[in-house]
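Undergrad: Following this message is one structure expressed as structure tokens.
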Amino acid sequence: MKGIAHFVAGVAAASCVPEAVRAASEGNPTYFILGGVFGLLPDTIDFKFSRYFYSHDIEVTPDPIAPDAQYIADRVAEAINRAHASGESVRVKLNTVPVGLDQWQQYEVAFDVAARTVAVRYGPVVDTGQNLIPGSEPPPNAEAVAPVDCEVRIEYLSSTQVDIFDGPVFSMDPTDDGRVSPGFIPWHRAWSHSLVIGVLFGLIGGVIWDIWATAVIFGASAMHALFDQLGYMGSALFYPFHSRRMSGLKLMHSGEALANLTAVWFCCLLTFWNLWRAVPGGIPPNGTRVLILYGMVLPTLTITVYRRIRKRFAW
Amino acid sequence: MIALLVVLSTLCGTLLASLLACVPSLHIYNVMGLLVMLGHALTGQGIELQPEIVIPFAAGLMVGYSMLNTLPSVLLAAPDESAMFTVLPGQKFLMQGRGYEAVIMTTIGGMVGLMALLFIVAPIAPRLLPVTQKVFRGHTHWILWTVIAFMLMSEWPKGGRLGRSGWTKFLDSWKTTGAGLVTFGLSGLLGFVLIFRTPIAPDVAFQNLMPAFVGLFAVPWLLLNICTNVHVPSQSMQIETHLKMDDVLRGGFAGTLGGGFAAYFPVVTGGVGGLLAGHATALRNDRVFLVSQGASKFVYYVGGLMLFFVPGVSIRRGGGAALMRSIMTPQTDYEYYLMLGAMAIAGVLSLLMVGPLTRGMLWLIGRVGYRRISMAALLLIVGLVVAITGLTGLAVMVVATGIGLMPVLYGSRRMNCLGVIMLPMACNMSGVGSTVAGWLGLL
């Protein structure tokens, strides 16, 4: 999920704590700020801190002037082979290739399980929004394959596009059955996304503020974990008791526009409903039904009809 | 006769705003402030201001500005090479010689915003807003705090790409993010000074923040244009991109959502609303982004003024409504419909102005040169600051420029400069503004 969905989910979690709503109506914003902050904090820890301290054994820095897909494929294959031979994890960092003002050379790394190879293919040049730059063609020597010495076990996606900002790290982890599993950005969704750590943060919050802060912080952390678990990568939900990431439910991709919008909208409605309940006199009869009708049913119908029209008329 | 008066007032307001919107860095609220002063002077002489003149004129001003101020922000905002990772889509189009296309896409967004206001928001606002006002009463302060928290937390590091892991990489990555946080803090501090112990003369108190805004947002941009001597390619008047209906609707929806949020909740600006909506709808496509920016800006400015006229609630949001309130208080449905009608007329008029004014501006840039136009704009806004707020205002502007240069030099979000208003207002709304001002020795 995008950062805003986690943030708003944290705020919605805070709104479910009646004391948070009461305090807010009296001018104390602490609980809602805590909700938002701790809703986004796991990703903040990963992307603003952890990633920079996560070391790697092999660094792949493609030449922007003389693209060489074979070099990339060989280095990734070397990481897999070393992990297989040594029985220890080998981390490989794939750097991005900036080629001009807001332009990046895209390339894709794929693990072919059946053929036991690593395949690399250069793509077009894209901008920072990952939009294709018109007229850009993949360079010569754009494709290469490198064999590996063992079977590869895929737990996330079999191919990864490398393009903007900071490139990914793969941790090539030997498995018990003699294979090697490429762990995509292993610094992400590790300890920071654990429910146990969420409880710990909540307890610390309880010491600093009060028991309601514990509830808000844990609720926000749990919402983050829940939302992430709907996707593919999953999280290490029970770190330190179980350090590996538990696979997600694979219901959606984290960058999907509609999924993110739905999550944000639903959380906003939940927050609104919780605030409405706290208004003196409460929600009037049929108020909740009207909210569901206009806030959920009508937008769902509109979006469904729109998607059908878009498909039919190829908008 | 009344209808003619309404049309004429709308026409005058739209034409004036459309022309003034082309002047870089001149904000419509500054112009409206001066016009309100004129209005007070007229009222003082016994001349009554008719709502059939004031409301359409104000609507024309706001619509014309919202639609046309895209021109300077796209055509005069050329980035240099150092802005590698922070180039906005409008600037990208400009550097590809497609500035006109970017203006048109933003204008389309503005039109979607107008349609949304007239056909979706206007009919439901009188029924919906009383409920939302009741629910959000006492809660806007924490909404502002959470917006601030998200703004600060959502700026991801841009550096630290290469090399071994560790502190060096971490510190490199945090240059931009850190600069953003420092910018927000310093501009917030400046805001506290300006609100709690303003050096600006009381007779121009309504323009209290104007020198700060000019210094934070306009001057650094113009200085950069003058210093970097960037080459802008000649601009094509052809439209290469085929804008799909899906792009228009997605961008328009996101922009309307963001602009509506900013228009409804105090202190949140159109840019912040656009940022939130862009995140919420996962916008990536440049075309959709431009459409959404047009819609967001339009709904923020015009929607903010429109809310002031919603019967029964009369919400005062944004500088336009605040200035209007000093000369009139809407009381009937008639004024609401007058506002809506004027918005529709002004929308069509300003749409007609986009093409000729863009051509005119491109001609001027080609003839006079990019650098000279930036110099002239700089002289103009410095002159305005001195004329309205005196040398004290100029000093405030210089301080604000120092802060405003930080995001430009470090490549962080310029939006962090909004700390000048967001931080003190959030503190005030939570009831701790005076306490913080006391800590800072401002009381």
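By convention here, the chains of the structure tokens are called A, B, ... in the order presented, each chain's residues are numbered starting at 1, and ligands are numbered starting at 1 in the order presented.
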According to DSSP computed on the backbone, where in range 102-331 of chain B is there helix (DSSP H, G or I)? Give the residues as a PyMOL selection string.
TA: chain B and resi 102-136+140-153+167-196+202-207+210-228+245-264+270-280+286-308+318-325
Undergrad: For Gly163 in chain B, work out the shell of residues within 10 Å, counting only C-alpha atoms and skipping chain neighbours fewer than 2 positions away, then give it as an mmCIF file with C-alpha atoms, in the first residue's frame.
TA:
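Full text of around-v2.cif as output:
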data_model
loop_
_atom_site.group_PDB
_atom_site.id
_atom_site.type_symbol
_atom_site.label_atom_id
_atom_site.label_comp_id
_atom_site.auth_asym_id
_atom_site.auth_seq_id
_atom_site.Cartn_x
_atom_site.Cartn_y
_atom_site.Cartn_z
ATOM 1 C CA TYR A 52 21.106 2.612 4.293
ATOM 2 C CA SER A 55 25.171 -4.114 3.813
ATOM 3 C CA HIS A 56 25.662 -6.034 0.566
ATOM 4 C CA GLU A 59 27.304 -4.308 -6.014
ATOM 5 C CA THR A 61 26.673 -0.726 -11.204
ATOM 6 C CA LYS A 93 22.732 -4.689 -4.813
ATOM 7 C CA ASN A 95 22.096 0.026 -8.880
ATOM 8 C CA GLY B 160 22.422 7.674 -0.989
ATOM 9 C CA ARG B 161 22.195 5.534 -4.110
ATOM 10 C CA SER B 165 26.168 0.900 3.421
ATOM 11 C CA GLY B 166 26.559 2.959 6.545
ATOM 12 C CA THR B 168 27.978 8.119 4.828
ATOM 13 C CA LYS B 169 25.192 6.757 2.685
#
Undergrad: Hey, which of B:Arg250, B:Lys297, B:His27, B:Arg316 ends up closest to chain A? Count only C-alpha atoms.
TA: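 Residue with the minimum atom-to-atom distance to chain A: B:Arg250.
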Undergrad: Pick out the residues sitting within 8 Å of Gly234 in chain A, and hand them over as a list in words; count only C-alpha atoms, and ignore anything fewer than 4 positions along from it in its own chain.
TA: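 So, after excluding close chain neighbours, the residues are Arg189, Asp228, Gln229, Leu230, Arg245, Met246, Ser247, Gly248 and Leu249 of chain A.
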